[in-house]
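*Asks:* Take a look at the following structure, please.
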Number of protein chains: 2
Amino acid sequence: MTAEAAATGPHVLRRINVAGVLQALRDSPDLTARVSDLTAATGLSRPAVTRALAHLADAGLVASLGVEPHQAGRPAVRVRFRAEAGHVAGIDIGPHTMALVIADLAGAPQAERRVPIAPAPTGPDLVRILRTELADLAGGAGVPASGLWAVAVGTPGVVDHGRGEVVLAPSIPGWTGLPMLAGLREWLDCPVLLDNDVNLAVLAEQRTGDAAPTLLYVHWGERIGTGLVIDGRPHRGAGSAAGELGFVDLATPIDRTPEPAADGLGAFERLAGAEAIRRLAVESCDASLAAALRSDPDLRPLFQAAADGDPAAPPVVETAAARFARGLAVHLLLVDPGVVVVGGGLAHGGDLLLDAVRRHLEPLVLAPFEMRISGLQENAVVTGAVWMALDHAEKRLATLLG
Amino acid sequence: MTAEAAATGPHVLRRINVAGVLQALRDSPDLTARVSDLTAATGLSRPAVTRALAHLADAGLVASLGVEPHQAGRPAVRVRFRAEAGHVAGIDIGPHTMALVIADLAGAPQAERRVPIAPAPTGPDLVRILRTELADLAGGAGVPASGLWAVAVGTPGVVDHGRGEVVLAPSIPGWTGLPMLAGLREWLDCPVLLDNDVNLAVLAEQRTGDAAPTLLYVHWGERIGTGLVIDGRPHRGAGSAAGELGFVDLATPIDRTPEPAADGLGAFERLAGAEAIRRLAVESCDASLAAALRSDPDLRPLFQAAADGDPAAPPVVETAAARFARGLAVHLLLVDPGVVVVGGGLAHGGDLLLDAVRRHLEPLVLAPFEMRISGLQENAVVTGAVWMALDHAEKRLATLLG
DNA sequence: CGTCATTAGTAACGAACCGTTTGATAGTTT
DNA sequence: AAACTATCAAACGGTTCGTTACTAATGACG
């Protein structure tokens, strides 16, 4: 048995056509359609569509809505995709909060929750919280645990998506190599996927946003990292280590050997990360603003000051934009993604900051690009987790068509 | 008509199965197989395979080889993929030579030729040479012009692969925006594809080499550029401008604005390109070696000197490796390709040079990687062009299965 | 109020494909 | 020469689709 590339009979044809009808139904507005709509969309004959719908109804994936308002002739029966036939969960394990969303097969959220996490949690702590909250959330939404078709979890750190294991997570003790997924899979009896949070954020931006097939997401906060979607699929790299813009070294002169990092941050993060910008601002701004920035890592006061005409703020914004542009330019030169979405704490800088970045970027790159602020913000990672779980749920859906 | 996603009848099933049988045959060693081999490989029944082979024979894509030596029982008939049913051409338009290869559908070269090009050619010159040489080569190989299913052309510069147009080619006057492809297509009556030479070189490395699905090719010569294959498909970027490692600026201090280039080279090319290395060597090596390097841009004497124990050579090699590592590290951090293949003039440095690069690279990156010298060297681009033409020929092959 | 036009759904038929079964064929081995 | 083995070819039943003809349901109009 080498490839098994070929089909083996008419029943395969039926499966293809049933899948096609289902696809057409799910692509329809409101997830409902008349039989005639489906014949037009699939190119199949009416009897073939009817047969396919009968199969889908047997599998519990479509239901009839009865007759609909009509103009002339016999009223058509509307059929509906039963999105409630299955559910998925997306989970974002962030540094301070855990976000959970349960969505149906159409991706519509059925229940969501944000749980604050006590400082300095350990890996086992997080697993415990996750299990408690997920069970409670699912129960409240009337979704039995067996009704979950797939669960996707996003976490900071380096994640081996293939093996579903956290490879490196400096900020959470006891998180690396934890047999978390095995336990969750056993408990939930469904696939549990794990991925880097930035990878999930890109996915969310790409699916939810303007649907450019290739897109670069840049997390610009204290840490700096990028996620890349190429032709609709996340690019993680051979060792799940792509997107480490934060570790690019633009500071050390070319013929000097870079020093190893002492604080766990990457070279570019030390130059252009939120903490670096904050320190710049504290040094150069007047007393009241400096005091505000000294007490709180949030940079919004800085951007507010710039918007209000404080003369000390613009040079800081300018420097931040210039440095960030130097790093981003490298990525654009190497990958040319066409569309860049910026998220993270610095996204609060808005177009004020982004316009400065664009201005500095323009002479450094060779190809045109678009750049915008993330529209999802703190929901990006959960949303991406839901999308990834949905992608996986397709496989289970396919088995129901036989 | 939105998607037409579904199949529409048993004939589609037949097409799938015929394609599967053909695939199994083409995957067989020597491109030949017995009927029983094909039933095992495809999972189809013997009559189904026989029917499929009859269709393929009608289309001219398979032929019988008669009975074969046997052990016991009735001797089996061997069938053969008729690779000579169609041909493709790959063409590499380099700065000094034009290389042409005509290959059959199996990718086996039927005729090849390298033509020196007089210095400073114009675009129309190149088109004239291409047409003459291609017609002559095809004629000599017994392949009528109408027997070409696809032609792929690789050229330096920025190429819009989608529209098949040279966007930017600083070194060849009258090459940009030339309606070359329209003319060639009309003459040849087959698809003519155009792509950047580095993109084709990667493709060749990926298909010919150890078949890692994701691979980064770095051309390290006077110019520096990279090509990327992700999951078997070339990544060109949204604006066909990916892979411009040569323009990455690692020299300008972070808070200074980079100067626009005066010589057409990129910032990293001015640091680590062949010309920069040569100048370094001329300055620091002793008289005889310096003289050799002054008169000839070829760097092989430098590497020879290093291998022979000349004390002046290692520091130059070391500096070159260190600088190159700094640039390559950026690419590895952002994309994590896993496998890096180095081509171009500096590839003559061999493992002597590459070991130094590996040593400098190791503390700069986060994920493991393999790095090796290109095995194809000056044939990389033509070979890649043949592969790309073959990829396109698949479409025509598919139409023959109906 | 009845008829007609219009649209939706259903049943029957023929065509195409696949897999299984059965029988014929061409060699080798005993 | 007979037995054996693996391959090839033909016939049959099952599944799927598309086409065609027919029935069903509703609004418009006389």
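We name chains A, B, ... following the order of the structure tokens; residues begin at 1 in each chain, and ligands are numbered from 1 as shown.
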Which neighbours of stretch 3-15 of chain C fall inside 7 Å, counting only C-alpha atoms (C1' of nucleotides), when residues of the same chain fewer than 6 positions from it are skipped, and could you give them as a list in words?
*Replies:*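 The contact residues come out as Ala72, Gly73, Arg74, Pro75 and Ala76 of chain A.
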*Asks:* Once chain A is superposed on chain B with a least-squares fit on all C-alpha pairs taken in order, can you show it as a CSV table (one decimal) with C-alpha atoms, in the first residue's frame?
*Replies:*
```
chain,number,residue,atom,x,y,z
A,1,MET,CA,-22.2,30.0,-11.1
A,2,THR,CA,-20.3,30.6,-7.9
A,3,ALA,CA,-18.1,27.6,-7.1
A,4,GLU,CA,-18.9,24.5,-9.1
A,5,ALA,CA,-17.4,22.6,-6.3
A,6,ALA,CA,-19.0,19.3,-6.8
A,7,ALA,CA,-18.5,16.6,-9.3
A,8,THR,CA,-21.3,15.9,-11.7
A,9,GLY,CA,-21.3,12.2,-12.6
A,10,PRO,CA,-19.6,8.9,-13.0
A,11,HIS,CA,-17.3,10.2,-15.7
A,12,VAL,CA,-15.6,12.4,-13.1
A,13,LEU,CA,-15.0,9.3,-11.1
A,14,ARG,CA,-13.3,7.7,-14.2
A,15,ARG,CA,-11.2,10.8,-14.6
A,16,ILE,CA,-10.1,10.6,-11.0
A,17,ASN,CA,-9.2,6.9,-11.3
A,18,VAL,CA,-7.4,7.3,-14.6
A,19,ALA,CA,-5.4,10.1,-13.1
A,20,GLY,CA,-4.6,7.9,-10.1
A,21,VAL,CA,-3.4,5.0,-12.4
A,22,LEU,CA,-1.2,7.4,-14.3
A,23,GLN,CA,0.2,8.8,-11.1
A,24,ALA,CA,1.0,5.3,-9.8
A,25,LEU,CA,2.7,4.5,-13.1
A,26,ARG,CA,4.8,7.7,-13.1
A,27,ASP,CA,5.8,7.0,-9.5
A,28,SER,CA,7.0,3.5,-10.4
A,29,PRO,CA,10.7,2.9,-10.8
A,30,ASP,CA,11.7,3.2,-14.5
A,31,LEU,CA,8.2,4.6,-15.3
A,32,THR,CA,7.1,1.1,-16.0
A,33,ALA,CA,4.8,-1.3,-14.1
A,34,ARG,CA,2.8,-4.4,-14.5
A,35,VAL,CA,-1.0,-4.2,-14.2
A,36,SER,CA,-0.8,-6.0,-10.9
A,37,ASP,CA,1.6,-3.5,-9.6
A,38,LEU,CA,-0.9,-0.7,-10.4
A,39,THR,CA,-3.8,-2.5,-8.8
A,40,ALA,CA,-1.7,-2.8,-5.6
A,41,ALA,CA,-0.6,0.8,-5.8
A,42,THR,CA,-4.0,2.4,-6.5
A,43,GLY,CA,-6.3,0.1,-4.6
A,44,LEU,CA,-8.5,-0.3,-7.7
A,45,SER,CA,-9.6,-3.6,-9.0
A,46,ARG,CA,-7.9,-5.2,-11.9
A,47,PRO,CA,-10.6,-4.5,-14.5
A,48,ALA,CA,-10.7,-0.9,-13.4
A,49,VAL,CA,-7.0,-0.6,-14.0
A,50,THR,CA,-7.3,-2.3,-17.3
A,51,ARG,CA,-10.0,0.1,-18.4
A,52,ALA,CA,-7.9,3.1,-17.2
A,53,LEU,CA,-4.9,1.9,-19.1
A,54,ALA,CA,-7.0,1.5,-22.3
A,55,HIS,CA,-8.0,5.1,-21.9
A,56,LEU,CA,-4.5,6.2,-21.4
A,57,ALA,CA,-3.3,4.2,-24.4
A,58,ASP,CA,-5.9,5.9,-26.5
A,59,ALA,CA,-4.6,9.3,-25.3
A,60,GLY,CA,-1.1,8.2,-26.2
A,61,LEU,CA,0.2,8.4,-22.7
A,62,VAL,CA,1.1,4.7,-22.1
A,63,ALA,CA,2.4,2.0,-24.3
A,64,SER,CA,2.8,-1.7,-23.8
A,65,LEU,CA,6.3,-3.2,-23.6
A,66,GLY,CA,5.2,-6.8,-24.2
A,67,VAL,CA,5.8,-9.6,-21.8
A,68,GLU,CA,8.6,-9.5,-19.3
A,69,PRO,CA,10.9,-12.1,-17.8
A,70,HIS,CA,8.9,-14.0,-15.2
A,71,GLN,CA,9.2,-16.5,-12.4
A,72,ALA,CA,6.1,-18.6,-12.6
A,73,GLY,CA,2.7,-18.4,-14.1
A,74,ARG,CA,1.6,-16.4,-17.1
A,75,PRO,CA,4.0,-13.6,-17.9
A,76,ALA,CA,2.8,-10.1,-17.1
A,77,VAL,CA,2.6,-7.4,-19.7
A,78,ARG,CA,4.6,-4.3,-18.7
A,79,VAL,CA,3.2,-0.9,-19.5
A,80,ARG,CA,5.3,2.2,-19.8
A,81,PHE,CA,4.6,5.9,-19.4
A,82,ARG,CA,5.2,7.5,-22.8
A,83,ALA,CA,7.3,10.4,-21.5
A,84,GLU,CA,7.9,11.3,-25.1
A,85,ALA,CA,4.3,12.2,-25.6
A,86,GLY,CA,5.2,15.8,-24.8
A,87,HIS,CA,8.2,18.0,-24.0
A,88,VAL,CA,8.9,21.1,-22.1
A,89,ALA,CA,11.7,23.6,-22.3
A,90,GLY,CA,13.6,25.4,-19.5
A,91,ILE,CA,15.7,28.4,-20.2
A,92,ASP,CA,18.1,30.4,-18.0
A,93,ILE,CA,18.9,33.8,-19.1
A,94,GLY,CA,22.0,34.7,-17.1
A,95,PRO,CA,24.3,37.7,-17.3
A,96,HIS,CA,26.8,36.0,-19.5
A,97,THR,CA,25.3,32.9,-20.9
A,98,MET,CA,21.9,31.5,-21.9
A,99,ALA,CA,21.2,27.9,-21.0
A,100,LEU,CA,18.4,25.9,-22.6
A,101,VAL,CA,17.2,22.4,-21.9
A,102,ILE,CA,14.5,20.4,-23.6
A,103,ALA,CA,13.1,17.6,-21.4
A,104,ASP,CA,10.4,15.0,-21.9
A,105,LEU,CA,7.4,14.6,-19.5
A,106,ALA,CA,9.5,12.6,-17.2
A,107,GLY,CA,12.0,15.5,-16.8
A,108,ALA,CA,14.7,13.6,-18.6
A,109,PRO,CA,16.8,16.1,-20.7
A,110,GLN,CA,16.6,15.4,-24.4
A,111,ALA,CA,18.8,18.2,-25.5
A,112,GLU,CA,20.8,21.0,-23.8
A,113,ARG,CA,22.9,23.9,-24.8
A,114,ARG,CA,24.8,26.8,-23.3
A,115,VAL,CA,25.2,29.9,-25.4
A,116,PRO,CA,27.6,32.7,-24.5
A,117,ILE,CA,26.0,36.1,-24.7
A,118,ALA,CA,27.9,39.1,-26.0
A,119,PRO,CA,28.4,41.7,-23.2
A,120,ALA,CA,25.7,44.3,-22.6
A,121,PRO,CA,22.9,42.7,-24.5
A,122,THR,CA,19.5,44.5,-24.9
A,123,GLY,CA,16.2,43.0,-24.3
A,124,PRO,CA,15.4,42.5,-28.0
A,125,ASP,CA,18.8,40.9,-28.5
A,126,LEU,CA,18.0,38.3,-25.9
A,127,VAL,CA,14.6,37.5,-27.4
A,128,ARG,CA,16.2,37.0,-30.8
A,129,ILE,CA,18.9,34.7,-29.4
A,130,LEU,CA,16.3,32.8,-27.4
A,131,ARG,CA,14.1,32.2,-30.4
A,132,THR,CA,16.9,31.1,-32.7
A,133,GLU,CA,18.5,28.8,-30.2
A,134,LEU,CA,15.3,27.2,-29.0
A,135,ALA,CA,14.1,26.5,-32.6
A,136,ASP,CA,17.5,25.0,-33.5
A,137,LEU,CA,17.7,22.9,-30.3
A,138,ALA,CA,14.2,21.6,-30.7
A,139,GLY,CA,14.7,20.8,-34.3
A,140,GLY,CA,17.9,18.9,-33.6
A,141,ALA,CA,16.2,16.9,-30.9
A,142,GLY,CA,13.4,15.9,-33.2
A,143,VAL,CA,10.8,17.8,-31.1
A,144,PRO,CA,8.5,19.9,-33.3
A,145,ALA,CA,7.7,23.3,-31.9
A,146,SER,CA,4.2,22.2,-31.4
A,147,GLY,CA,5.5,19.4,-29.2
A,148,LEU,CA,6.4,21.8,-26.5
A,149,TRP,CA,3.8,21.7,-23.8
A,150,ALA,CA,5.2,24.5,-21.7
A,151,VAL,CA,8.3,26.8,-21.5
A,152,ALA,CA,9.7,28.4,-18.4
A,153,VAL,CA,12.2,31.2,-18.5
A,154,GLY,CA,14.4,32.3,-15.6
A,155,THR,CA,15.9,35.8,-15.5
A,156,PRO,CA,17.5,38.1,-13.0
A,157,GLY,CA,15.6,41.0,-11.7
A,158,VAL,CA,12.2,41.4,-10.2
A,159,VAL,CA,9.6,39.4,-12.1
A,160,ASP,CA,5.9,39.4,-11.8
A,161,HIS,CA,5.2,35.7,-12.1
A,162,GLY,CA,1.5,36.1,-12.3
A,163,ARG,CA,1.5,38.5,-15.2
A,164,GLY,CA,4.7,37.1,-16.7
A,165,GLU,CA,6.5,40.4,-16.9
A,166,VAL,CA,9.9,41.7,-15.9
A,167,VAL,CA,9.3,44.5,-13.4
A,168,LEU,CA,12.8,45.6,-12.7
A,169,ALA,CA,16.1,44.5,-14.4
A,170,PRO,CA,18.8,47.1,-13.8
A,171,SER,CA,21.4,45.2,-15.7
A,172,ILE,CA,19.6,44.7,-19.0
A,173,PRO,CA,18.3,47.7,-21.0
A,174,GLY,CA,15.1,47.1,-22.8
A,175,TRP,CA,14.2,44.1,-20.7
A,176,THR,CA,11.7,45.6,-18.4
A,177,GLY,CA,8.1,45.4,-19.5
A,178,LEU,CA,9.1,43.9,-22.8
A,179,PRO,CA,6.1,42.2,-24.5
A,180,MET,CA,8.5,39.2,-24.9
A,181,LEU,CA,6.1,36.6,-23.5
A,182,ALA,CA,3.2,37.6,-25.8
A,183,GLY,CA,5.5,37.1,-28.8
A,184,LEU,CA,6.9,33.8,-27.6
A,185,ARG,CA,3.4,32.5,-26.7
A,186,GLU,CA,2.1,33.3,-30.1
A,187,TRP,CA,5.1,31.7,-31.8
A,188,LEU,CA,5.1,28.6,-29.6
A,189,ASP,CA,1.4,28.2,-29.0
A,190,CYS,CA,2.0,27.0,-25.5
A,191,PRO,CA,2.2,28.6,-22.0
A,192,VAL,CA,5.4,30.5,-21.4
A,193,LEU,CA,6.2,31.1,-17.8
A,194,LEU,CA,8.6,33.7,-16.4
A,195,ASP,CA,10.2,33.8,-13.0
A,196,ASN,CA,13.1,35.1,-11.1
A,197,ASP,CA,16.2,33.0,-11.4
A,198,VAL,CA,16.6,32.5,-7.7
A,199,ASN,CA,13.1,31.2,-7.4
A,200,LEU,CA,13.8,28.6,-10.0
A,201,ALA,CA,17.1,27.6,-8.4
A,202,VAL,CA,15.3,26.9,-5.1
A,203,LEU,CA,12.7,24.8,-6.9
A,204,ALA,CA,15.5,22.8,-8.5
A,205,GLU,CA,17.2,22.2,-5.1
A,206,GLN,CA,14.0,21.2,-3.5
A,207,ARG,CA,12.9,18.8,-6.1
A,208,THR,CA,16.3,17.3,-6.9
A,209,GLY,CA,17.8,17.3,-3.5
A,210,ASP,CA,16.8,15.6,-0.3
A,211,ALA,CA,13.2,16.6,-0.8
A,212,ALA,CA,12.8,18.7,2.4
A,213,PRO,CA,9.4,20.3,1.8
A,214,THR,CA,10.6,23.7,3.1
A,215,LEU,CA,13.9,25.0,2.0
A,216,LEU,CA,15.8,28.3,1.8
A,217,TYR,CA,18.2,28.9,-1.1
A,218,VAL,CA,20.7,31.7,-0.7
A,219,HIS,CA,22.6,33.1,-3.7
A,220,TRP,CA,25.8,34.4,-2.3
A,221,GLY,CA,27.8,36.1,-5.0
A,222,GLU,CA,28.3,39.7,-5.9
A,223,ARG,CA,24.6,40.0,-5.3
A,224,ILE,CA,22.8,38.3,-2.5
A,225,GLY,CA,19.3,37.0,-2.8
A,226,THR,CA,17.2,34.2,-1.4
A,227,GLY,CA,14.5,32.0,-2.7
A,228,LEU,CA,12.0,30.1,-0.5
A,229,VAL,CA,10.0,26.9,-1.1
A,230,ILE,CA,7.4,26.3,1.5
A,231,ASP,CA,5.7,22.9,1.5
A,232,GLY,CA,6.9,22.3,-2.0
A,233,ARG,CA,5.6,25.5,-3.5
A,234,PRO,CA,7.7,28.6,-4.3
A,235,HIS,CA,7.0,31.6,-2.1
A,236,ARG,CA,7.3,34.7,-4.2
A,237,GLY,CA,5.6,37.2,-1.9
A,238,ALA,CA,2.6,39.4,-2.5
A,239,GLY,CA,4.5,41.7,-4.9
A,240,SER,CA,7.0,39.1,-6.2
A,241,ALA,CA,9.6,40.8,-4.1
A,242,ALA,CA,10.4,38.3,-1.4
A,243,GLY,CA,13.9,37.2,-0.7
A,244,GLU,CA,15.7,40.5,-0.9
A,245,LEU,CA,18.3,39.7,1.8
A,246,GLY,CA,20.8,41.8,-0.2
A,247,PHE,CA,18.9,44.9,0.8
A,248,VAL,CA,18.7,44.3,4.5
A,249,ASP,CA,20.6,47.0,6.3
A,250,LEU,CA,22.7,45.7,9.2
A,251,ALA,CA,25.3,48.5,8.9
A,252,THR,CA,23.6,51.7,9.6
A,253,PRO,CA,23.3,52.4,13.4
A,254,ILE,CA,19.7,51.9,14.6
A,255,ASP,CA,18.9,55.6,15.2
A,256,ARG,CA,20.5,56.9,12.0
A,257,THR,CA,18.6,57.1,8.7
A,258,PRO,CA,20.0,54.7,6.1
A,259,GLU,CA,21.5,56.4,3.0
A,260,PRO,CA,20.0,55.6,-0.3
A,261,ALA,CA,22.2,53.3,-2.4
A,262,ALA,CA,24.3,54.8,-5.1
A,263,ASP,CA,25.6,51.7,-6.9
A,264,GLY,CA,22.4,49.7,-7.2
A,265,LEU,CA,23.6,47.2,-4.7
A,266,GLY,CA,21.8,46.6,-1.4
A,267,ALA,CA,23.3,47.3,2.0
A,268,PHE,CA,24.0,43.7,2.8
A,269,GLU,CA,25.5,43.1,-0.6
A,270,ARG,CA,27.9,46.0,0.1
A,271,LEU,CA,28.9,44.3,3.3
A,272,ALA,CA,29.1,40.6,2.5
A,273,GLY,CA,28.8,40.3,-1.3
A,274,ALA,CA,31.6,38.9,-3.4
A,275,GLU,CA,33.0,42.3,-4.3
A,276,ALA,CA,33.2,43.4,-0.7
A,277,ILE,CA,35.0,40.2,0.3
A,278,ARG,CA,37.4,40.6,-2.6
A,279,ARG,CA,38.2,44.1,-1.5
A,280,LEU,CA,38.8,42.9,2.1
A,281,ALA,CA,41.2,40.3,0.8
A,282,VAL,CA,43.1,42.6,-1.5
A,283,GLU,CA,43.7,44.9,1.4
A,284,SER,CA,44.9,42.3,3.9
A,285,CYS,CA,46.6,39.6,1.9
A,286,ASP,CA,50.2,39.5,0.6
A,287,ALA,CA,51.2,40.7,-2.7
A,288,SER,CA,50.9,37.7,-5.0
A,289,LEU,CA,47.4,36.7,-3.8
A,290,ALA,CA,46.3,40.3,-3.8
A,291,ALA,CA,47.4,40.7,-7.4
A,292,ALA,CA,45.5,37.5,-8.4
A,293,LEU,CA,42.3,38.8,-6.7
A,294,ARG,CA,42.7,42.3,-8.1
A,295,SER,CA,42.7,41.1,-11.7
A,296,ASP,CA,39.9,38.5,-11.5
A,297,PRO,CA,36.7,38.7,-9.5
A,298,ASP,CA,36.8,35.0,-8.9
A,299,LEU,CA,37.4,34.3,-5.2
A,300,ARG,CA,38.7,30.8,-5.6
A,301,PRO,CA,42.3,31.8,-5.0
A,302,LEU,CA,41.4,33.1,-1.6
A,303,PHE,CA,39.9,29.8,-0.5
A,304,GLN,CA,42.8,27.9,-2.0
A,305,ALA,CA,45.2,30.1,0.0
A,306,ALA,CA,43.2,29.4,3.1
A,307,ALA,CA,43.3,25.6,2.4
A,308,ASP,CA,47.1,25.9,1.7
A,309,GLY,CA,47.8,27.5,5.1
A,310,ASP,CA,48.4,31.1,4.0
A,311,PRO,CA,48.2,33.0,7.3
A,312,ALA,CA,46.6,36.0,5.7
A,313,ALA,CA,43.5,34.2,4.3
A,314,PRO,CA,41.7,32.9,7.4
A,315,PRO,CA,40.9,36.3,8.9
A,316,VAL,CA,39.2,37.3,5.6
A,317,VAL,CA,37.2,34.1,5.5
A,318,GLU,CA,36.3,34.6,9.1
A,319,THR,CA,35.1,38.1,8.5
A,320,ALA,CA,33.1,37.1,5.5
A,321,ALA,CA,31.5,34.2,7.3
A,322,ALA,CA,30.7,36.4,10.3
A,323,ARG,CA,29.0,39.0,8.2
A,324,PHE,CA,27.1,36.5,6.2
A,325,ALA,CA,26.0,34.8,9.3
A,326,ARG,CA,24.6,38.0,10.7
A,327,GLY,CA,22.3,38.4,7.7
A,328,LEU,CA,21.4,34.8,7.3
A,329,ALA,CA,20.5,34.7,11.0
A,330,VAL,CA,17.8,37.2,10.4
A,331,HIS,CA,16.2,35.0,7.8
A,332,LEU,CA,16.4,32.0,10.0
A,333,LEU,CA,14.9,33.8,12.9
A,334,LEU,CA,12.0,35.1,10.8
A,335,VAL,CA,11.2,32.1,8.6
A,336,ASP,CA,12.9,29.0,10.2
A,337,PRO,CA,13.2,27.1,7.0
A,338,GLY,CA,15.1,24.2,8.6
A,339,VAL,CA,17.3,23.6,5.5
A,340,VAL,CA,19.6,26.2,3.9
A,341,VAL,CA,21.3,25.7,0.5
A,342,VAL,CA,24.0,28.1,-0.5
A,343,GLY,CA,24.8,28.8,-4.1
A,344,GLY,CA,26.6,31.5,-6.1
A,345,GLY,CA,30.2,32.4,-6.4
A,346,LEU,CA,30.9,32.1,-2.6
A,347,ALA,CA,29.8,28.4,-2.8
A,348,HIS,CA,33.3,27.8,-4.0
A,349,GLY,CA,34.3,28.4,-0.4
A,350,GLY,CA,33.0,24.9,0.4
A,351,ASP,CA,32.8,23.5,3.9
A,352,LEU,CA,35.8,25.6,4.9
A,353,LEU,CA,33.7,28.7,4.5
A,354,LEU,CA,30.4,27.0,5.6
A,355,ASP,CA,31.8,25.7,8.8
A,356,ALA,CA,32.8,29.2,9.8
A,357,VAL,CA,29.3,30.4,8.9
A,358,ARG,CA,27.8,27.6,11.0
A,359,ARG,CA,30.0,28.5,13.9
A,360,HIS,CA,29.0,32.2,13.8
A,361,LEU,CA,25.3,31.4,13.2
A,362,GLU,CA,24.9,29.0,16.1
A,363,PRO,CA,24.6,31.5,18.9
A,364,LEU,CA,22.4,33.8,16.8
A,365,VAL,CA,19.5,31.6,16.0
A,366,LEU,CA,17.0,29.7,18.1
A,367,ALA,CA,16.1,26.6,16.0
A,368,PRO,CA,18.4,24.0,14.6
A,369,PHE,CA,19.0,23.9,10.9
A,370,GLU,CA,21.0,22.2,8.2
A,371,MET,CA,23.1,24.0,5.7
A,372,ARG,CA,24.9,22.7,2.6
A,373,ILE,CA,26.4,23.9,-0.7
A,374,SER,CA,24.2,23.6,-3.7
A,375,GLY,CA,24.8,20.5,-5.7
A,376,LEU,CA,23.5,21.8,-8.9
A,377,GLN,CA,25.6,25.0,-9.2
A,378,GLU,CA,25.3,26.6,-12.7
A,379,ASN,CA,22.6,24.2,-13.7
A,380,ALA,CA,20.3,25.1,-10.9
A,381,VAL,CA,18.3,27.7,-12.7
A,382,VAL,CA,17.7,25.7,-15.9
A,383,THR,CA,16.8,22.7,-13.9
A,384,GLY,CA,14.3,24.7,-11.9
A,385,ALA,CA,12.9,26.1,-15.1
A,386,VAL,CA,12.3,22.6,-16.4
A,387,TRP,CA,10.6,21.7,-13.2
A,388,MET,CA,8.3,24.7,-13.3
A,389,ALA,CA,7.4,23.9,-16.9
A,390,LEU,CA,6.7,20.4,-16.0
A,391,ASP,CA,4.4,21.5,-13.2
A,392,HIS,CA,2.5,23.5,-15.7
A,393,ALA,CA,2.4,20.7,-18.2
A,394,GLU,CA,0.5,18.7,-15.7
A,395,LYS,CA,-2.5,20.8,-16.5
A,396,ARG,CA,-2.4,19.8,-20.1
A,397,LEU,CA,-1.9,16.3,-19.1
A,398,ALA,CA,-5.0,16.4,-17.0
A,399,THR,CA,-7.1,17.6,-20.0
A,400,LEU,CA,-6.0,14.5,-21.9
A,401,LEU,CA,-7.6,12.2,-19.4
A,402,GLY,CA,-11.2,13.2,-20.2
```
*Asks:* Provide the atom C1' of D:DA11 to atom C1' of C:DT21 distance in Å, to one decimal place.
*Replies:* 8.9 Å
*Asks:* Would you give me, as CSV, each residue of chain D having an atom within 7 Å of an atom of chain B, along with its shortest atom pair and that distance in Å to one decimal, using only C-alpha atoms (C1' of nucleotides) and sorting by chain and residue number?
*Replies:*
```
residue,atom,partner,partner_atom,distance
D:DT5,C1',B:Gly73,CA,4.4
D:DA6,C1',B:Gly73,CA,4.2
D:DT7,C1',B:Arg74,CA,5.4
D:DT16,C1',B:Pro10,CA,6.8
D:DC17,C1',B:Gly9,CA,4.8
```
*Asks:* Only N, CA and C atoms (P, O5', C5', C4', C3', O3' and C1' of nucleotides), please: the residues just picked out, written as a short mmCIF file (atom, residue, chain, number, x, y, z; two decimals), in the first residue's frame.
*Replies:*
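selection.cif, written as the output of this step:
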```
data_model
loop_
_atom_site.label_atom_id
_atom_site.label_comp_id
_atom_site.auth_asym_id
_atom_site.auth_seq_id
_atom_site.Cartn_x
_atom_site.Cartn_y
_atom_site.Cartn_z
P DT D 5 -0.13 -23.92 -7.18
"O5'" DT D 5 0.32 -22.56 -7.83
"C5'" DT D 5 1.60 -22.47 -8.46
"C4'" DT D 5 1.65 -21.26 -9.36
"C3'" DT D 5 0.78 -20.09 -8.89
"O3'" DT D 5 1.52 -18.90 -8.93
"C1'" DT D 5 0.32 -20.58 -11.15
P DA D 6 1.20 -17.71 -7.81
"O5'" DA D 6 1.08 -16.41 -8.74
"C5'" DA D 6 2.11 -16.16 -9.67
"C4'" DA D 6 1.51 -15.63 -10.96
"C3'" DA D 6 0.58 -14.43 -10.80
"O3'" DA D 6 1.14 -13.30 -11.44
"C1'" DA D 6 -0.32 -16.03 -12.30
P DT D 7 0.31 -11.88 -11.41
"O5'" DT D 7 -0.34 -11.85 -12.85
"C5'" DT D 7 0.48 -12.05 -13.99
"C4'" DT D 7 -0.37 -12.17 -15.23
"C3'" DT D 7 -1.31 -10.99 -15.47
"O3'" DT D 7 -1.01 -10.41 -16.73
"C1'" DT D 7 -2.46 -13.05 -15.70
P DT D 16 -25.09 5.14 -3.73
"O5'" DT D 16 -24.92 6.16 -4.92
"C5'" DT D 16 -23.65 6.69 -5.23
"C4'" DT D 16 -23.65 7.28 -6.63
"C3'" DT D 16 -24.72 8.33 -6.88
"O3'" DT D 16 -24.22 9.65 -6.64
"C1'" DT D 16 -24.45 6.85 -8.74
P DC D 17 -25.24 10.88 -6.71
"O5'" DC D 17 -25.25 11.29 -8.25
"C5'" DC D 17 -24.03 11.60 -8.92
"C4'" DC D 17 -24.29 11.66 -10.41
"C3'" DC D 17 -25.38 12.67 -10.78
"O3'" DC D 17 -24.83 13.79 -11.43
"C1'" DC D 17 -25.78 10.53 -11.82
#
```
